[in-house]
Amino acid sequence: MVRSKTQFPEEGEFIVGKVTEVENQYVYVDLIDYNGLNPGETARGMIHISEISSRWIKNIRQFVRIGQRIVLKVLRVDPVKGHVDLSLRRVNSAQRSVRMKEWKYALKYENLLQFLADTTNKTLDEIYESVGFPILDKFKSYQEVVEDLKENGAEILKNLNSISEDVKQKFLDIVNENVKISTVSISGNINLSYLNENGIDLIKETLIAAKNVLKNPRETRYLTLSYISAPHYRLEIVSKDYLDAENILSEVREIIESYVKKYNGTYEFIRD
């Protein structure tokens with residue numbers, strides 16, 4: 001379960017539900033992230049057989065099973081009666097992957113808050129009100145929340161006046177101990193030389209300019225340029241996102257090529 005501020009999801013939203021009943025024409029789902037109308041219970045939704053699949057269905061149990069967690073699209077919500085109509089067939093594979101990934105980050109965030117609750121002898125509800133929701137309000141996704149807490153936790157918590165400095169430090173320690181951000185890397189060798197008398201100085205100038213492509217390097221986004229043996233140098237780029245790493249590499253190569261062209265040098269990049 002991931003705590004939500006609202007009793008029900010919104011129409012058009014993609015949510016994660018847990019299959020609880022499978023009948024001939026309907027599937028009933030617990031909306032595990034929403035409280036619904038009844039205290040102590042979760043909201044519930046229904047999938048009509050026509051919204052299970054675009055294909056002909058002989059046996060509805062071939063598509064879903066009790067206990068399964070599935071990504072669904074919310075078609076209609078009646079918050080007064082507590083009715084939620086859902087669709088499985090209107091969720092494509094990309095939407096399913098994105099929503100499930102985000103839900104896993106939401107679970108990660110809730111686990112961090114639960115650790116903080118246990119450490120401070122507070123309830124999870126109290127921690128959500130004083131820490132969880134105020135931080136969430138500053139971000140668009142749970143992934144951003146978790147990763148930004150890891151990278152910039154002190155800055156995020158600095159203006160959070162609902163908890164003491166001691167609790168802030170405890171939360172930072174919990175995040176640092178339990179969050180590891182996955183990264184990708186691109187690496188290769190650079191062969192760079194100039195025939196000018198000041199060739200060594202030009203190499204230094206070129207590589208410094210290339211390294212300055214990244215103005216604010218951090219633990220999950222940086223590049224390194226290291227000496228192997230003249231005229232060979234080692235380049236490594238690390239980022240959370242492969243496309244971002246490729247863009248950084250492109251900028252680095254453009255910088256080096258501009259210097260080589262300007263000072264009549266030679267350059268080659270050999271990618272690993």
# chains A, B, ... in the order shown; residues from 1 in each chain; ligands from 1
call {"tool": "residues_around", "arguments": {"residues": "segment 159-164 of chain A", "least_positions_apart": "4", "cutoff": "12 Å", "atoms": "only C-alpha atoms", "output": "JSON, numbers by chain"}}
result
{"A": [116, 120, 122, 126, 127, 128, 129, 130, 131, 132, 133, 134, 135, 136, 137, 138, 153, 154, 155, 168, 169, 170, 171]}
call {"tool": "closest_atom_pairs", "arguments": {"of": "segment 183-216 of chain A", "to": "segment 225-245 of chain A", "cutoff": "6 Å", "atoms": "only C-alpha atoms", "output": "CSV"}}
result
residue,atom,partner,partner_atom,distance
A:Thr183,CA,A:Lys240,CA,4.3
A:Val184,CA,A:Ser239,CA,5.6
A:Ser185,CA,A:Val238,CA,4.4
A:Ile186,CA,A:Ile237,CA,5.1
A:Ser187,CA,A:Glu236,CA,4.2
A:Gly188,CA,A:Leu235,CA,5.5
A:Asn189,CA,A:Arg234,CA,4.7
A:Ile190,CA,A:Tyr233,CA,5.0
A:Asn191,CA,A:His232,CA,4.7
A:Leu192,CA,A:Pro231,CA,5.5
A:Ser193,CA,A:Pro231,CA,5.9
call {"tool": "closest_residue", "arguments": {"among": "A:Ile60, A:Val146, A:Ile47, A:Val98", "to": "Arg76 of chain A", "atoms": "only C-alpha atoms"}}
result
A:Ile47
call {"tool": "closest_residue", "arguments": {"among": "A:Lys215, A:Lys204, A:Arg44, A:Lys101", "to": "Ile256 of chain A", "atoms": "only C-alpha atoms"}}
result
A:Lys204
call {"tool": "residues_around", "arguments": {"residues": "Asn38 of chain A", "least_positions_apart": "6", "cutoff": "12 Å", "atoms": "only C-alpha atoms", "output": "number ranges by chain"}}
result
A: 7-8, 44, 79-82
call {"tool": "write_last_selection", "arguments": {"atoms": "C-alpha atoms", "output": "short mmCIF file (atom, residue, chain, number, x, y, z; two decimals), in the first residue's frame"}}
result
data_model
loop_
_atom_site.label_atom_id
_atom_site.label_comp_id
_atom_site.auth_asym_id
_atom_site.auth_seq_id
_atom_site.Cartn_x
_atom_site.Cartn_y
_atom_site.Cartn_z
CA GLN A 7 -10.17 8.54 -0.94
CA PHE A 8 -10.42 7.69 -4.64
CA ARG A 44 -12.65 -1.03 -4.44
CA PRO A 79 -17.18 9.11 -4.73
CA VAL A 80 -20.65 9.24 -3.13
CA LYS A 81 -21.44 5.57 -3.75
CA GLY A 82 -17.79 4.51 -3.74
#
call {"tool": "atom_distance", "arguments": {"atom1": "atom CA of Asn24 of chain A", "atom2": "atom CA of Asn59 of chain A"}}
result
7.7 Å
call {"tool": "closest_residue", "arguments": {"among": "A:Thr20, A:Asn178, A:Ser87, A:Gln25", "to": "Glu51 of chain A", "atoms": "only C-alpha atoms"}}
result
A:Ser87
call {"tool": "atom_distance", "arguments": {"atom1": "atom CA of Lys150 of chain A", "atom2": "atom CA of Ser4 of chain A"}}
result
22.4 Å
call {"tool": "select_by_dssp", "arguments": {"residues": "segment 30-241 of chain A", "states": "strand (DSSP E or B)", "output": "PyMOL selection string"}}
result
chain A and resi 30-31+43-48+69-78+83-87+184-194+218+221-229+232-239
call {"tool": "write_last_selection", "arguments": {"atoms": "N, CA and C atoms", "output": "compact mmCIF listing (two decimals), in the first residue's frame"}}
result
# COMPACT_ATOMS: atom_id res chain seq x y z
N ASP A 30 -9.12 -4.43 -5.29
CA ASP A 30 -8.84 -3.50 -4.19
C ASP A 30 -7.91 -2.41 -4.70
N LEU A 31 -8.30 -1.15 -4.50
CA LEU A 31 -7.45 -0.02 -4.86
C LEU A 31 -6.58 0.28 -3.64
N ALA A 43 -10.40 1.41 -0.92
CA ALA A 43 -11.40 1.58 -1.96
C ALA A 43 -11.41 0.35 -2.86
N ARG A 44 -12.55 0.11 -3.53
CA ARG A 44 -12.65 -1.03 -4.44
C ARG A 44 -13.10 -0.56 -5.82
N GLY A 45 -12.71 -1.33 -6.82
CA GLY A 45 -13.11 -1.02 -8.18
C GLY A 45 -13.55 -2.27 -8.91
N MET A 46 -14.16 -2.06 -10.07
CA MET A 46 -14.67 -3.18 -10.84
C MET A 46 -14.24 -3.06 -12.30
N ILE A 47 -13.87 -4.21 -12.88
CA ILE A 47 -13.55 -4.28 -14.31
C ILE A 47 -14.60 -5.16 -14.98
N HIS A 48 -15.36 -4.59 -15.92
CA HIS A 48 -16.30 -5.40 -16.68
C HIS A 48 -15.53 -6.25 -17.68
N ARG A 69 -1.33 -8.10 -8.81
CA ARG A 69 -1.31 -6.64 -8.85
C ARG A 69 -1.20 -6.21 -10.30
N ILE A 70 -2.14 -5.39 -10.74
CA ILE A 70 -2.19 -5.01 -12.14
C ILE A 70 -2.37 -3.49 -12.27
N VAL A 71 -1.90 -2.96 -13.40
CA VAL A 71 -2.07 -1.54 -13.69
C VAL A 71 -3.36 -1.35 -14.48
N LEU A 72 -4.19 -0.41 -14.03
CA LEU A 72 -5.50 -0.20 -14.61
C LEU A 72 -5.73 1.28 -14.91
N LYS A 73 -6.61 1.54 -15.87
CA LYS A 73 -7.01 2.91 -16.16
C LYS A 73 -8.37 3.17 -15.53
N VAL A 74 -8.50 4.31 -14.84
CA VAL A 74 -9.75 4.67 -14.18
C VAL A 74 -10.70 5.29 -15.21
N LEU A 75 -11.87 4.66 -15.39
CA LEU A 75 -12.84 5.15 -16.36
C LEU A 75 -13.85 6.10 -15.73
N ARG A 76 -14.42 5.72 -14.62
CA ARG A 76 -15.43 6.54 -13.93
C ARG A 76 -15.29 6.38 -12.43
N VAL A 77 -15.60 7.46 -11.71
CA VAL A 77 -15.55 7.44 -10.25
C VAL A 77 -16.81 8.09 -9.70
N ASP A 78 -17.49 7.37 -8.81
CA ASP A 78 -18.63 7.92 -8.07
C ASP A 78 -18.23 7.94 -6.60
N HIS A 83 -18.15 3.86 -6.06
CA HIS A 83 -17.99 2.99 -7.23
C HIS A 83 -16.85 3.52 -8.12
N VAL A 84 -15.99 2.60 -8.56
CA VAL A 84 -14.90 2.95 -9.47
C VAL A 84 -14.88 1.93 -10.60
N ASP A 85 -15.06 2.41 -11.83
CA ASP A 85 -15.00 1.53 -13.01
C ASP A 85 -13.61 1.60 -13.61
N LEU A 86 -13.07 0.43 -13.93
CA LEU A 86 -11.68 0.34 -14.36
C LEU A 86 -11.54 -0.40 -15.69
N SER A 87 -10.41 -0.20 -16.34
CA SER A 87 -10.11 -0.90 -17.58
C SER A 87 -8.71 -1.47 -17.56
N VAL A 184 24.19 4.70 -15.29
CA VAL A 184 24.80 4.09 -16.47
C VAL A 184 26.10 4.84 -16.75
N SER A 185 26.99 4.22 -17.48
CA SER A 185 28.25 4.88 -17.80
C SER A 185 28.65 4.66 -19.25
N ILE A 186 29.32 5.64 -19.78
CA ILE A 186 29.92 5.57 -21.12
C ILE A 186 31.40 5.87 -20.95
N SER A 187 32.25 5.07 -21.54
CA SER A 187 33.69 5.28 -21.38
C SER A 187 34.43 4.98 -22.66
N GLY A 188 35.65 5.47 -22.71
CA GLY A 188 36.48 5.22 -23.88
C GLY A 188 37.81 5.94 -23.76
N ASN A 189 38.68 5.77 -24.75
CA ASN A 189 40.00 6.40 -24.76
C ASN A 189 40.04 7.54 -25.76
N ILE A 190 40.70 8.62 -25.37
CA ILE A 190 40.90 9.77 -26.24
C ILE A 190 42.37 9.84 -26.61
N ASN A 191 42.64 9.91 -27.90
CA ASN A 191 44.00 10.16 -28.40
C ASN A 191 44.05 11.60 -28.88
N LEU A 192 44.85 12.43 -28.22
CA LEU A 192 44.85 13.86 -28.50
C LEU A 192 46.29 14.39 -28.54
N SER A 193 46.63 15.12 -29.59
CA SER A 193 47.97 15.69 -29.67
C SER A 193 47.97 16.95 -30.53
N TYR A 194 48.95 17.81 -30.27
CA TYR A 194 49.17 19.03 -31.05
C TYR A 194 50.65 19.08 -31.44
N ARG A 218 27.83 15.72 -9.69
CA ARG A 218 27.40 15.14 -8.41
C ARG A 218 27.60 13.63 -8.46
N ARG A 221 26.01 12.05 -11.50
CA ARG A 221 26.15 12.70 -12.81
C ARG A 221 27.50 13.42 -12.86
N TYR A 222 28.49 12.77 -13.46
CA TYR A 222 29.82 13.37 -13.51
C TYR A 222 30.60 12.79 -14.68
N LEU A 223 31.71 13.45 -15.00
CA LEU A 223 32.64 12.90 -15.99
C LEU A 223 34.05 13.02 -15.46
N THR A 224 34.87 12.07 -15.82
CA THR A 224 36.27 12.09 -15.43
C THR A 224 37.14 11.98 -16.68
N LEU A 225 38.24 12.72 -16.67
CA LEU A 225 39.25 12.65 -17.72
C LEU A 225 40.58 12.39 -17.03
N SER A 226 41.21 11.29 -17.36
CA SER A 226 42.45 10.92 -16.68
C SER A 226 43.56 10.58 -17.68
N TYR A 227 44.78 10.78 -17.23
CA TYR A 227 45.96 10.55 -18.07
C TYR A 227 46.34 9.07 -18.07
N ILE A 228 46.61 8.52 -19.26
CA ILE A 228 47.10 7.14 -19.38
C ILE A 228 48.60 7.19 -19.71
N SER A 229 48.90 7.60 -20.91
CA SER A 229 50.28 7.87 -21.35
C SER A 229 50.17 8.63 -22.65
N HIS A 232 47.51 9.48 -24.85
CA HIS A 232 46.29 8.74 -24.54
C HIS A 232 45.68 9.20 -23.21
N TYR A 233 44.34 9.40 -23.24
CA TYR A 233 43.61 9.86 -22.05
C TYR A 233 42.32 9.05 -21.93
N ARG A 234 41.87 8.93 -20.71
CA ARG A 234 40.68 8.10 -20.42
C ARG A 234 39.49 8.98 -20.08
N LEU A 235 38.35 8.69 -20.72
CA LEU A 235 37.12 9.44 -20.47
C LEU A 235 36.04 8.50 -19.92
N GLU A 236 35.37 8.92 -18.85
CA GLU A 236 34.21 8.18 -18.34
C GLU A 236 33.11 9.17 -17.98
N ILE A 237 31.89 8.85 -18.41
CA ILE A 237 30.72 9.68 -18.12
C ILE A 237 29.70 8.83 -17.38
N VAL A 238 29.20 9.32 -16.26
CA VAL A 238 28.22 8.61 -15.45
C VAL A 238 26.97 9.47 -15.33
N SER A 239 25.81 8.85 -15.51
CA SER A 239 24.53 9.56 -15.38
C SER A 239 23.44 8.57 -14.99
call {"tool": "closest_residue", "arguments": {"among": "A:Asn198, A:Ser50, A:Asn35, A:Gln95", "to": "Ile15 of chain A", "atoms": "only C-alpha atoms"}}
result
A:Gln95
call {"tool": "atom_distance", "arguments": {"atom1": "atom CA of Arg90 of chain A", "atom2": "atom CA of Glu21 of chain A"}}
result
20.3 Å
call {"tool": "select_by_dssp", "arguments": {"residues": "segment 20-110 of chain A", "states": "alpha helix (DSSP H)", "output": "list in words"}}
result
Ser93, Ala94, Gln95, Arg96, Ser97, Val98, Arg99, Met100, Lys101, Glu102, Trp103, Lys104, Tyr105, Ala106, Leu107, Lys108, Tyr109 and Glu110 of chain A
call {"tool": "closest_atom_pairs", "arguments": {"of": "segment 114-218 of chain A", "to": "segment 102-109 of chain A", "cutoff": "9 Å", "atoms": "only C-alpha atoms", "output": "CSV"}}
result
residue,atom,partner,partner_atom,distance
A:Gln114,CA,A:Tyr109,CA,8.7
A:Gly132,CA,A:Tyr109,CA,8.3
A:Ser141,CA,A:Glu102,CA,7.3
A:Tyr142,CA,A:Ala106,CA,5.3
A:Gln143,CA,A:Tyr105,CA,5.4
A:Glu144,CA,A:Tyr105,CA,9.0
A:Val145,CA,A:Tyr109,CA,7.8
A:Val146,CA,A:Tyr109,CA,6.3
A:Val179,CA,A:Lys108,CA,8.5
call {"tool": "write_last_selection", "arguments": {"atoms": "N, CA and C atoms", "output": "mmCIF file, in the first residue's frame"}}
result
data_model
loop_
_atom_site.group_PDB
_atom_site.id
_atom_site.type_symbol
_atom_site.label_atom_id
_atom_site.label_comp_id
_atom_site.auth_asym_id
_atom_site.auth_seq_id
_atom_site.Cartn_x
_atom_site.Cartn_y
_atom_site.Cartn_z
ATOM 1 N N GLN A 114 8.337 4.859 7.002
ATOM 2 C CA GLN A 114 8.057 3.895 8.065
ATOM 3 C C GLN A 114 9.273 3.721 8.976
ATOM 4 N N GLY A 132 6.126 13.317 4.998
ATOM 5 C CA GLY A 132 5.847 12.681 3.710
ATOM 6 C C GLY A 132 5.127 13.560 2.714
ATOM 7 N N SER A 141 6.920 13.375 -9.125
ATOM 8 C CA SER A 141 6.873 11.913 -9.086
ATOM 9 C C SER A 141 7.609 11.387 -7.867
ATOM 10 N N TYR A 142 7.286 10.157 -7.502
ATOM 11 C CA TYR A 142 7.966 9.506 -6.388
ATOM 12 C C TYR A 142 9.431 9.235 -6.715
ATOM 13 N N GLN A 143 9.720 8.938 -7.965
ATOM 14 C CA GLN A 143 11.109 8.702 -8.345
ATOM 15 C C GLN A 143 11.951 9.946 -8.082
ATOM 16 N N GLU A 144 11.422 11.114 -8.463
ATOM 17 C CA GLU A 144 12.133 12.363 -8.212
ATOM 18 C C GLU A 144 12.345 12.572 -6.718
ATOM 19 N N VAL A 145 11.316 12.277 -5.924
ATOM 20 C CA VAL A 145 11.402 12.452 -4.476
ATOM 21 C C VAL A 145 12.539 11.612 -3.898
ATOM 22 N N VAL A 146 12.520 10.316 -4.185
ATOM 23 C CA VAL A 146 13.501 9.397 -3.610
ATOM 24 C C VAL A 146 14.918 9.756 -4.044
ATOM 25 N N VAL A 179 18.939 4.060 0.255
ATOM 26 C CA VAL A 179 18.679 4.432 -1.141
ATOM 27 C C VAL A 179 19.970 4.366 -1.940
#
call {"tool": "closest_residue", "arguments": {"among": "A:Ser182, A:Gln68, A:Asn247, A:Ser97", "to": "Glu219 of chain A", "atoms": "only C-alpha atoms"}}
result
A:Ser182
